[in-house]
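To be precise, the following lines are work-v3.pdb, and they hold PDB, C-alpha atoms.
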```
ATOM      1  CA  MET F  22    -209.484-136.955-223.008
ATOM      2  CA  SER F  23    -209.421-139.077-226.115
ATOM      3  CA  ASN F  24    -212.825-137.657-227.237
ATOM      4  CA  ILE F  25    -211.572-134.074-226.799
ATOM      5  CA  SER F  26    -208.430-134.937-228.669
ATOM      6  CA  GLN F  27    -210.486-136.365-231.527
ATOM      7  CA  LYS F  28    -212.656-133.232-231.637
ATOM      8  CA  GLU F  29    -209.582-131.048-231.700
ATOM      9  CA  ARG F  30    -208.141-133.138-234.496
ATOM     10  CA  GLY F  31    -211.449-132.832-236.367
ATOM     11  CA  VAL F  32    -211.371-129.049-236.012
ATOM     12  CA  GLN F  33    -207.776-128.961-237.189
ATOM     13  CA  VAL F  34    -208.636-131.072-240.253
ATOM     14  CA  LYS F  35    -211.582-128.811-241.122
ATOM     15  CA  ASN F  36    -209.444-125.692-240.698
ATOM     16  CA  ALA F  37    -206.771-127.218-242.888
ATOM     17  CA  GLU F  38    -209.357-128.047-245.551
ATOM     18  CA  LYS F  39    -210.715-124.490-245.416
ATOM     19  CA  GLY F  40    -207.165-123.157-245.760
ATOM     20  CA  GLU F  41    -206.525-125.365-248.769
ATOM     21  CA  THR F  42    -209.805-124.239-250.336
ATOM     22  CA  LYS F  43    -208.890-120.572-249.852
ATOM     23  CA  MET F  44    -205.451-121.164-251.339
ATOM     24  CA  GLU F  45    -206.964-122.970-254.320
ATOM     25  CA  THR F  46    -209.469-120.132-254.841
ATOM     26  CA  TYR F  47    -206.686-117.537-254.639
ATOM     27  CA  ALA F  48    -204.555-119.538-257.061
ATOM     28  CA  LEU F  49    -207.439-119.783-259.534
ATOM     29  CA  LYS F  50    -208.140-116.056-259.289
ATOM     30  CA  LYS F  51    -204.459-115.256-259.756
ATOM     31  CA  LYS F  52    -204.280-117.602-262.738
ATOM     32  CA  GLY F  53    -207.361-115.946-264.192
ATOM     33  CA  ARG F  54    -205.807-112.489-263.849
ATOM     34  CA  VAL F  55    -202.600-113.689-265.477
ATOM     35  CA  LEU F  56    -204.528-115.250-268.369
ATOM     36  CA  ALA F  57    -206.616-112.092-268.748
ATOM     37  CA  ALA F  58    -203.477-109.958-268.803
ATOM     38  CA  ALA F  59    -201.855-112.243-271.365
ATOM     39  CA  ALA F  60    -204.975-112.153-273.536
ATOM     40  CA  GLY F  61    -205.131-108.380-273.277
ATOM     41  CA  MET F  62    -201.517-107.935-274.254
ATOM     42  CA  LEU F  63    -201.901-110.374-277.157
ATOM     43  CA  LEU F  64    -204.831-108.266-278.359
ATOM     44  CA  VAL F  65    -202.723-105.126-278.157
ATOM     45  CA  LEU F  66    -199.754-106.743-279.889
ATOM     46  CA  PHE F  67    -202.041-107.978-282.652
ATOM     47  CA  TYR F  68    -203.457-104.471-283.030
ATOM     48  CA  PHE F  69    -199.993-102.963-283.234
ATOM     49  CA  SER F  70    -198.737-105.561-285.699
ATOM     50  CA  ALA F  71    -201.753-104.923-287.905
ATOM     51  CA  THR F  72    -201.349-101.148-287.767
ATOM     52  CA  ALA F  73    -199.158 -99.552-290.395
ATOM     53  CA  GLY F  74    -196.198 -97.496-289.271
ATOM     54  CA  TYR F  75    -194.760 -99.613-286.466
ATOM     55  CA  ALA F  76    -191.902-100.900-288.571
ATOM     56  CA  ALA F  77    -191.216 -97.398-289.804
ATOM     57  CA  SER F  78    -187.955 -96.508-291.464
ATOM     58  CA  ALA F  79    -185.802 -93.636-290.262
ATOM     59  CA  ARG F  80    -187.012 -91.512-293.172
ATOM     60  CA  GLU F  81    -190.668 -92.224-292.332
ATOM     61  CA  ILE F  82    -190.073 -91.319-288.697
ATOM     62  CA  ASP F  83    -188.327 -88.091-289.744
ATOM     63  CA  THR F  84    -191.374 -87.118-291.806
ATOM     64  CA  SER F  85    -193.844 -87.958-289.047
ATOM     65  CA  VAL F  86    -191.804 -86.012-286.501
ATOM     66  CA  ASN F  87    -191.733 -82.963-288.778
ATOM     67  CA  VAL F  88    -195.522 -83.069-289.086
ATOM     68  CA  ALA F  89    -195.950 -83.401-285.299
ATOM     69  CA  MET F  90    -193.535 -80.554-284.631
ATOM     70  CA  ASP F  91    -195.287 -78.270-287.143
ATOM     71  CA  ARG F  92    -198.619 -78.933-285.422
ATOM     72  CA  PHE F  93    -197.058 -78.287-282.012
ATOM     73  CA  TYR F  94    -195.579 -74.968-283.177
ATOM     74  CA  LYS F  95    -198.890 -73.953-284.733
ATOM     75  CA  ASP F  96    -201.137 -74.863-281.795
ATOM     76  CA  VAL F  97    -198.968 -73.707-278.876
ATOM     77  CA  LYS F  98    -197.679 -70.158-278.512
ATOM     78  CA  GLY F  99    -194.013 -70.005-277.585
ATOM     79  CA  ALA F 100    -193.479 -73.661-278.572
ATOM     80  CA  LYS F 101    -190.553 -72.945-280.883
ATOM     81  CA  GLU F 102    -188.801 -70.813-278.259
ATOM     82  CA  PHE F 103    -189.396 -73.562-275.710
ATOM     83  CA  VAL F 104    -187.857 -76.235-277.948
ATOM     84  CA  ASN F 105    -184.861 -74.000-278.627
ATOM     85  CA  THR F 106    -184.139 -73.724-274.898
ATOM     86  CA  ALA F 107    -184.145 -77.522-274.430
ATOM     87  CA  LYS F 108    -180.898 -79.487-274.641
ATOM     88  CA  GLY F 109    -182.720 -82.169-276.606
ATOM     89  CA  VAL F 110    -186.262 -83.219-277.496
ATOM     90  CA  LEU F 111    -187.666 -86.708-277.993
ATOM     91  CA  VAL F 112    -190.629 -86.607-280.367
ATOM     92  CA  LEU F 113    -192.884 -89.662-280.622
ATOM     93  CA  PRO F 114    -195.635 -89.095-283.204
ATOM     94  CA  GLY F 115    -198.712 -91.293-283.505
ATOM     95  CA  VAL F 116    -198.268 -93.276-280.290
ATOM     96  CA  ILE F 117    -201.145 -95.745-280.137
ATOM     97  CA  LYS F 118    -202.821 -96.879-276.938
ATOM     98  CA  ALA F 119    -205.166 -99.846-277.317
ATOM     99  CA  GLY F 120    -206.783-102.404-275.087
ATOM    100  CA  LEU F 121    -209.777-104.187-273.668
ATOM    101  CA  GLY F 122    -209.603-103.822-269.873
ATOM    102  CA  ILE F 123    -205.856-104.483-270.018
ATOM    103  CA  GLY F 124    -203.899-102.747-272.720
ATOM    104  CA  GLY F 125    -200.709-101.091-273.755
ATOM    105  CA  GLU F 126    -199.211 -98.428-275.923
ATOM    106  CA  TYR F 127    -196.413 -98.286-278.437
ATOM    107  CA  GLY F 128    -194.816 -95.785-280.754
ATOM    108  CA  GLU F 129    -191.547 -94.837-282.419
ATOM    109  CA  GLY F 130    -189.834 -91.483-282.699
ATOM    110  CA  GLU F 131    -186.548 -89.666-282.695
ATOM    111  CA  LEU F 132    -184.335 -87.681-280.366
ATOM    112  CA  ARG F 133    -183.286 -84.324-281.764
ATOM    113  CA  VAL F 134    -180.357 -82.309-280.462
ATOM    114  CA  GLY F 135    -179.730 -78.908-281.966
ATOM    115  CA  GLY F 136    -182.683 -79.473-284.296
ATOM    116  CA  LYS F 137    -181.138 -82.569-285.876
ATOM    117  CA  PRO F 138    -181.997 -86.272-285.321
ATOM    118  CA  VAL F 139    -179.311 -88.134-283.374
ATOM    119  CA  ASP F 140    -181.068 -91.328-282.228
ATOM    120  CA  TYR F 141    -184.318 -93.246-282.643
ATOM    121  CA  TYR F 142    -186.425 -94.638-279.783
ATOM    122  CA  ASN F 143    -189.616 -96.493-279.102
ATOM    123  CA  ILE F 144    -192.029 -96.118-276.199
ATOM    124  CA  ALA F 145    -193.826 -99.100-274.670
ATOM    125  CA  ALA F 146    -196.128 -99.249-271.665
ATOM    126  CA  ALA F 147    -198.812-101.469-270.166
ATOM    127  CA  SER F 148    -202.011-100.070-268.683
ATOM    128  CA  PHE F 149    -204.828-101.424-266.527
ATOM    129  CA  GLY F 150    -208.375-100.284-265.858
ATOM    130  CA  LEU F 151    -211.532 -99.513-267.778
ATOM    131  CA  GLN F 152    -210.419 -99.055-271.378
ATOM    132  CA  ILE F 153    -211.946-100.171-274.645
ATOM    133  CA  GLY F 154    -210.716 -99.281-278.111
ATOM    134  CA  ALA F 155    -207.729 -97.264-279.239
ATOM    135  CA  GLU F 156    -206.434 -93.713-279.306
ATOM    136  CA  LYS F 157    -203.524 -91.989-281.003
ATOM    137  CA  LYS F 158    -201.404 -89.171-279.617
ATOM    138  CA  ASP F 159    -198.107 -87.350-280.089
ATOM    139  CA  ILE F 160    -195.603 -87.066-277.250
ATOM    140  CA  LEU F 161    -192.856 -84.463-276.994
ATOM    141  CA  ILE F 162    -190.345 -84.897-274.178
ATOM    142  CA  ALA F 163    -187.855 -82.115-273.553
ATOM    143  CA  PHE F 164    -184.598 -82.511-271.639
ATOM    144  CA  MET F 165    -183.888 -79.155-270.073
ATOM    145  CA  THR F 166    -180.420 -79.918-268.686
ATOM    146  CA  ASP F 167    -177.312 -81.540-270.141
ATOM    147  CA  GLU F 168    -177.237 -84.008-267.247
ATOM    148  CA  ALA F 169    -180.814 -85.192-267.844
ATOM    149  CA  LEU F 170    -180.107 -85.677-271.549
ATOM    150  CA  LYS F 171    -176.871 -87.537-270.833
ATOM    151  CA  GLN F 172    -178.559 -89.914-268.375
ATOM    152  CA  PHE F 173    -181.315 -90.680-270.868
ATOM    153  CA  ARG F 174    -178.943 -91.377-273.750
ATOM    154  CA  SER F 175    -176.631 -93.564-271.663
ATOM    155  CA  ALA F 176    -179.445 -95.799-270.365
ATOM    156  CA  SER F 177    -180.098 -99.122-272.084
ATOM    157  CA  GLY F 178    -183.790 -98.759-271.288
ATOM    158  CA  TRP F 179    -185.031 -95.594-269.589
ATOM    159  CA  GLU F 180    -188.246 -95.939-267.563
ATOM    160  CA  ALA F 181    -190.324 -92.948-266.477
ATOM    161  CA  GLY F 182    -190.795 -92.892-262.717
ATOM    162  CA  VAL F 183    -187.784 -95.181-262.141
ATOM    163  CA  ASP F 184    -184.803 -93.725-263.991
ATOM    164  CA  GLY F 185    -186.241 -90.220-263.895
ATOM    165  CA  ASN F 186    -189.481 -88.299-263.611
ATOM    166  CA  ILE F 187    -191.312 -86.579-266.452
ATOM    167  CA  ALA F 188    -193.340 -83.500-265.561
ATOM    168  CA  LEU F 189    -196.382 -83.100-267.799
ATOM    169  CA  LEU F 190    -196.785 -79.457-268.837
ATOM    170  CA  THR F 191    -199.975 -77.601-269.599
ATOM    171  CA  ILE F 192    -200.609 -74.171-271.057
ATOM    172  CA  GLY F 193    -201.039 -71.187-268.777
ATOM    173  CA  ALA F 194    -203.879 -68.656-268.766
ATOM    174  CA  GLY F 195    -202.194 -66.636-271.500
ATOM    175  CA  GLY F 196    -202.224 -69.618-273.850
ATOM    176  CA  ASN F 197    -198.457 -69.801-274.207
ATOM    177  CA  ILE F 198    -195.469 -71.578-272.657
ATOM    178  CA  ASP F 199    -193.633 -69.629-269.997
ATOM    179  CA  THR F 200    -190.106 -71.067-270.071
ATOM    180  CA  THR F 201    -189.093 -69.061-266.976
ATOM    181  CA  THR F 202    -191.367 -71.179-264.772
ATOM    182  CA  ILE F 203    -190.024 -74.564-265.921
ATOM    183  CA  LYS F 204    -187.865 -76.018-263.160
ATOM    184  CA  ASP F 205    -188.013 -79.769-263.902
ATOM    185  CA  PRO F 206    -185.104 -81.360-265.815
ATOM    186  CA  VAL F 207    -187.440 -83.470-267.987
ATOM    187  CA  VAL F 208    -190.832 -82.178-269.132
ATOM    188  CA  ALA F 209    -193.391 -83.312-271.687
ATOM    189  CA  PHE F 210    -196.357 -82.288-273.776
ATOM    190  CA  VAL F 211    -198.925 -84.822-274.945
ATOM    191  CA  PHE F 212    -201.256 -83.758-277.723
ATOM    192  CA  ASP F 213    -203.564 -85.100-280.420
ATOM    193  CA  VAL F 214    -205.450 -83.546-283.327
ATOM    194  CA  LYS F 215    -207.731 -81.728-280.868
ATOM    195  CA  GLY F 216    -204.866 -80.137-278.940
ATOM    196  CA  LEU F 217    -202.994 -80.693-275.687
ATOM    197  CA  MET F 218    -204.043 -83.572-273.449
ATOM    198  CA  ALA F 219    -203.942 -82.968-269.697
ATOM    199  CA  ASP F 220    -205.392 -86.133-268.134
ATOM    200  CA  VAL F 221    -202.531 -88.488-269.033
ATOM    201  CA  SER F 222    -199.511 -90.004-267.332
ATOM    202  CA  LEU F 223    -196.206 -91.281-268.669
ATOM    203  CA  LYS F 224    -195.231 -93.083-265.458
ATOM    204  CA  GLY F 225    -194.104 -96.632-266.205
ATOM    205  CA  ALA F 226    -193.456 -95.940-269.884
ATOM    206  CA  LYS F 227    -190.171 -97.417-271.084
ATOM    207  CA  PHE F 228    -188.020 -95.882-273.799
ATOM    208  CA  THR F 229    -185.620 -98.067-275.756
ATOM    209  CA  LYS F 230    -183.075 -97.014-278.360
ATOM    210  CA  LEU F 231    -183.605 -98.392-281.869
ATOM    211  CA  ASP F 232    -181.055 -99.207-284.538
ATOM    212  CA  LYS F 233    -182.183 -97.491-287.728
ATOM    213  CA  SER F 234    -178.708 -97.310-289.285
ATOM    214  CA  LYS F 235    -179.705 -99.677-292.103
ATOM    215  CA  ASP F 236    -182.528 -97.335-293.095
ATOM    216  CA  LYS F 237    -180.215 -94.456-293.910
TER     217      LYS F 237
END
```
Would you write out, as structure tokens, the structure that this file holds?
Amino acid sequence: MSNISQKERGVQVKNAEKGETKMETYALKKKGRVLAAAAGMLLVLFYFSATAGYAASAREIDTSVNVAMDRFYKDVKGAKEFVNTAKGVLVLPGVIKAGLGIGGEYGEGELRVGGKPVDYYNIAAASFGLQIGAEKKDILIAFMTDEALKQFRSASGWEAGVDGNIALLTIGAGGNIDTTTIKDPVVAFVFDVKGLMADVSLKGAKFTKLDKSKDK
């Protein structure tokens, strides 16, 4: 009986050692992922801090938004009519996405209601997966109902997919925007110098209001 008991104790010790080894391996892997994520985000933050335009004044943002809107009107048929039907539009020109495996994106823009700027916002998001380098894009988010616009403006930090969904729009076969088919309260267009971008997602992006009152 004592020999069996000793064998059982030996098995229990070995199992415990294996369990500790697995836990240590998991902890090391988790620590490695955390360090990799931190390094990736530091790389992105360094890129953003070294890139001109991310401490833009209200006047600079106004100019950049005008340029983005002009390109949107020129490239997309029915764009001006679409914007006129929206209760408000958030325009974020020159949003930069950068990373090395783990990355992020950041940009600043303004919310326009009735064609006039009323508030300034930034967009920030983290991303994971195979990604090397950087890309720049413009984002136009339209609030199609008063309620959707009110909820966005009253939030201290509005996150896509949590506080509300953003439907990404594409152009139909006719090459123009058909406003009669838009049913979502919040919709968006993402475009760069080549035109509209379809294979993108804004889920997880967070929008925060900025104080640009000193820039006026």
*Nearest candidate to Glu156 of chain F (options F:Gly128, F:Gly178, F:Gly99, F:Gly136; using only C-alpha atoms)*: F:Gly128
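Here atom CA of Ala163 of chain F is placed at a distance of 25.1 Å from atom CA of Ala119 of chain F.
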*May I ask which of the residues F:Ile187, F:Val97, F:Ala181, F:Val211 is the closest one to Met165 of chain F, counting only C-alpha atoms?*
F:Ile187
For the structure provided, state which residues fall under the PyMOL selection byres ((chain F and resi 159) around 9), and present them as a compact mmCIF listing (two decimals) with C-alpha atoms, in the frame of the given file.
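Written file, result19.txt:
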```txt
# COMPACT_ATOMS: atom_id res chain seq x y z
CA ALA F 89 -195.95 -83.40 -285.30
CA VAL F 112 -190.63 -86.61 -280.37
CA LEU F 113 -192.88 -89.66 -280.62
CA PRO F 114 -195.64 -89.10 -283.20
CA GLY F 115 -198.71 -91.29 -283.50
CA VAL F 116 -198.27 -93.28 -280.29
CA ILE F 117 -201.14 -95.74 -280.14
CA LYS F 157 -203.52 -91.99 -281.00
CA LYS F 158 -201.40 -89.17 -279.62
CA ILE F 160 -195.60 -87.07 -277.25
CA LEU F 161 -192.86 -84.46 -276.99
CA PHE F 210 -196.36 -82.29 -273.78
CA VAL F 211 -198.92 -84.82 -274.94
CA PHE F 212 -201.26 -83.76 -277.72
CA ASP F 213 -203.56 -85.10 -280.42
CA VAL F 214 -205.45 -83.55 -283.33
```
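We find atom CA of Arg80 of chain F and atom CA of Gly125 of chain F to be spaced 25.6 Å apart.
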Write out as JSON an axis-aligned box for segment 125-141 of chain F: all of its atoms listed in the file, 6 Å added on each side, centre and edge lengths in Å with one decimal.
```
{"center_x": -190.0, "center_y": -90.0, "center_z": -279.8, "size_x": 33.4, "size_y": 34.2, "size_z": 24.1}
```
*Hey, what comes out of the PyMOL selection byres ((chain F and resi 188) around 7) on this file? Could you write it as a PyMOL selection string?*
chain F and resi 186-187+189-190+205+207-209
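Across the model, the gap from atom CA of Val88 of chain F to atom CA of Gly130 of chain F is 12.0 Å.
Distances from F:Val110, F:Tyr142, F:Asn197, F:Gly225 to Leu170 of chain F were compared using all atoms listed in the file, and the smallest one belongs to F:Val110.
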*Would you kindly translate the PyMOL selection byres ((chain F and resi 138) around 10) into the concrete residues it picks from this file, as a VMD selection string?*
chain F and resid 79 83 86 109 to 112 130 to 137 139 to 141
*Tell me which of F:Asp167, F:Glu126, F:Glu180, F:Asp91 sits closest to Ala107 of chain F, counting all atoms listed in the file.*
F:Asp167
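Here the question is which of F:Ser234, F:Thr191, F:Asn143, F:Gln172 gets nearest to Met218 of chain F using all atoms listed in the file, and that residue is F:Thr191.
The closest residue to Phe173 of chain F, picked from F:Ser85, F:Ser78, F:Thr229, F:Ser222 and counting all atoms listed in the file, is F:Thr229.
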